[in-house]
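Take a look at the structure set out below.
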Amino acid sequence: MPDRTLLFAAGDPGGSRALLPLIAHAAADKFVCLVRRHGYLGREITPTAGVVIEDESAPWSDDCGCYIYGSSTTDTYALRLASKAKRHHIPTIHVCDNWSSYQHRLILDGQVLLPDVYCVMDHQAREDAIREGIPPDILAVTGQPALGNLADLYPERERERERERERASAVLHQRTLCRSTGDRYRQPGALRLY
């Protein structure tokens, strides 16, 4: 069942850690996740239901419905697999884990190897990638998967955010009061907004 089989690979820590939550989510959604044992991903992945760990030199299989990878500016293993996937007409998704080197991380043998979908962290990353020559039609703003659960890990941060909203509300109230009285600069905290 190729459409329910995903192949994952990455080499460096950032790309590997960006893929780990995706692998877990895909396995939970009953996809078969083939993970190549290479670099940090090969060391950090643990076999679970739906996750099959393959040796990095495993033969290519056309049973894959999609190839999802993290790249590196120095380790080309994942990019070499992307090249094979493209030759076999398998869709490729690149997950960018860092706010730099958008095009440089896709250079293989002197050529830029574009994925079918290039996932970036935010709109700033999208604009920077476009400036570096990545076509806008393949870019998708998806967030950084490795950072996706930070709020869950730090519940006290929600209390801090609430206090920040209260302070912002108080400062905005002071700003409104200053504008209505024409006395912008005497109110405590009013300068913080200007």
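Following the order of the structure tokens, chains are lettered A, B, ..., residues in each are numbered from 1, and ligands are numbered from 1.
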
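For region 87-158 of chain A, backbone-based DSSP assignment of strand (DSSP E or B) covers Thr92, Ile93, His94, Val95, Ile107, Leu108, Gln111, Val112, Val117, Tyr118, Cys119, Val120, Leu139, Ala140 and Val141 of chain A.
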
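As for CA of Ser16 (chain A) and CA of Gly70 (chain A), they are spaced 6.4 Å apart.
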
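Distances to Ala49 (chain A) were evaluated for A:His123, A:Arg17, A:Arg131, A:Lys30 using only C-alpha atoms, and the minimum falls at A:Lys30.
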
Between CA of Trp99 (chain A) and CA of Ser71 (chain A) - distance in Å to one decimal: 12.7 Å

Those of region 29-157 of chain A in DSSP helix (DSSP H, G or I), formatted as a VMD selection string: chain A and resid 39 to 44 77 to 87 104 to 106 123 to 131 136 to 138 145 to 147 150 to 153 156 to 157

Closest of A:Asp122, A:Gly42, A:Ala27, A:Tyr69 to Glu54 (chain A) - atom-to-atom distances counting only C-alpha atoms: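 Smallest distance to Glu54 (chain A) is found for A:Gly42.
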
For Gly50 (chain A), the nearest of the candidates A:Leu6, A:Val120, A:Cys66, A:Ala85, counting only C-alpha atoms: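 Using only C-alpha atoms, the shortest distance to Gly50 (chain A) belongs to A:Leu6.
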
Pairwise distance for CA of Arg37 (chain A) and CA of Leu7 (chain A), rounded to one decimal in Å: 11.3 Å

Which of A:Met121, A:Val51, A:Ile107, A:Ile90 sits closest to Tyr77 (chain A) [using only C-alpha atoms]: A:Ile107
